[in-house]
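> Can you keep this structure in mind? I'll have questions shortly.
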Amino acid sequence: MDWISHLLFGFALSTILLKDITRKEMSVVAVAALFPDLDTLWYHRSGLHSPLVLLALAMLFAIRYRAYFTPLLIGFWSHSGLDIFLFNNSNHTIQNLANNIVLNASKAQHIEYSMMKYTAADGIMLFYPFNSEKFSITLDEKSYAIIAGFIIVISIIAFVWFYLRRKPFGHFVRF
């Protein structure tokens, strides 16, 4: 999944799971939701996507900043939760979409190749460092769209809930 969905999903989960989330904690969730993709610098979906490794990182950080343990863990694990889903591109959906935009079949094929090479993976190592086996749930175009729609809907609900939770009710101006 892309970085926007990682941010949205992390925000939605933190709004739902944390009672009174502050802006600082929201920032921690945002950074943590994007952090595992640092491994694109060496090998995407390395051990940095493992929930166990991310738990250990959150615990190390919590030694100094205890209040940020839960926001870190929500951000980290929301990333892993999304990255376990893989997109089945056997129908060349990416190439077809790109071709509609660039109107050049060879450029569209290159776009698809680049996206699949640099963003696609074969799952995440759930039990790393104890086991390097990768686990995944492969989705077709329709299922992937349903998951993306679900993320958007819960994000909108979370934004509205976050906004309404902050508004004081019953305080009206009297004339």
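Following the order of the structure tokens, first chain is A, next is B, and so on, with residues numbered from 1 inside each chain and ligands from 1 in the order they appear.
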Considering only C-alpha atoms, return as a list in words whatever protein or nucleic-acid residues lie within 9 Å of Phe127 (chain A), sequence-local ones (same chain, fewer than 4 positions apart) excluded.
Ser50, Pro51, Leu52, Val53, Asn131, Ser132, Glu133 and Lys134 of chain A
> Could you please determine the separation between CA of Arg23 (chain A) and CA of Leu60 (chain A) in Å, to one decimal place?
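Distance reported for this atom pair: 22.1 Å.
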> Go through chain A and collect every residue that DSSP, computed from the backbone, puts in helix (DSSP H, G or I); the answer should be as a PyMOL selection string.
chain A and resi 3-17+23-41+47-49+51-64+66-83+93-102+105-118+141-166
> I need the residues in region 59-154 of chain A that are strand (DSSP E or B) according to DSSP; give them as a PDB file with C-alpha atoms, in the first residue's frame.

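Written output follows (result02.pdb):
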```
ATOM      1  CA  PHE A  85      -1.951  -7.301   1.627  1.00  0.00           C
ATOM      2  CA  LEU A  86      -0.515  -7.757  -1.873  1.00  0.00           C
ATOM      3  CA  PHE A  87      -1.975  -6.596  -5.166  1.00  0.00           C
ATOM      4  CA  ILE A 124       6.112  -9.436   5.355  1.00  0.00           C
ATOM      5  CA  PHE A 135       3.302 -14.091   4.845  1.00  0.00           C
ATOM      6  CA  ILE A 137      -2.812 -12.009   1.596  1.00  0.00           C
ATOM      7  CA  THR A 138      -3.096 -11.500  -2.160  1.00  0.00           C
ATOM      8  CA  LEU A 139      -6.001  -9.413  -3.392  1.00  0.00           C
TER       9      LEU A 139
END
```
> Excluding Val31 (chain A) and any residue of its chain fewer than 2 positions from it, enumerate the residues within 12 Å of it, using only C-alpha atoms, and give them as a list in words.
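The residues satisfying every condition are Trp3, His6, Leu7, Leu8, Gly10, Phe11, Lys24, Glu25, Met26, Ser27, Val28, Val29, Ala33, Leu34, Phe35, Pro36, Asp37, Leu38, Tyr68, Pro71, Leu72, Leu73, Ile74, Gly75, Phe76, Ser78 and His79 of chain A.
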> I'd like the interatomic distance between CA of Ser46 (chain A) and CA of Ile63 (chain A), to a tenth of an Å.
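Distance reported for this atom pair: 24.7 Å.
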> With only C-alpha atoms as the counted atoms, please give the residues lying no more than 8 Å from region 140-146 of chain A, apart from itself and same-chain residues fewer than 2 positions off, as a PyMOL selection string.
chain A and resi 87-89+93+138+148-150
> May I ask for the distance between CA of Ser90 (chain A) and CA of Glu112 (chain A), given in Å to one decimal place?
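It comes out at 11.3 Å.
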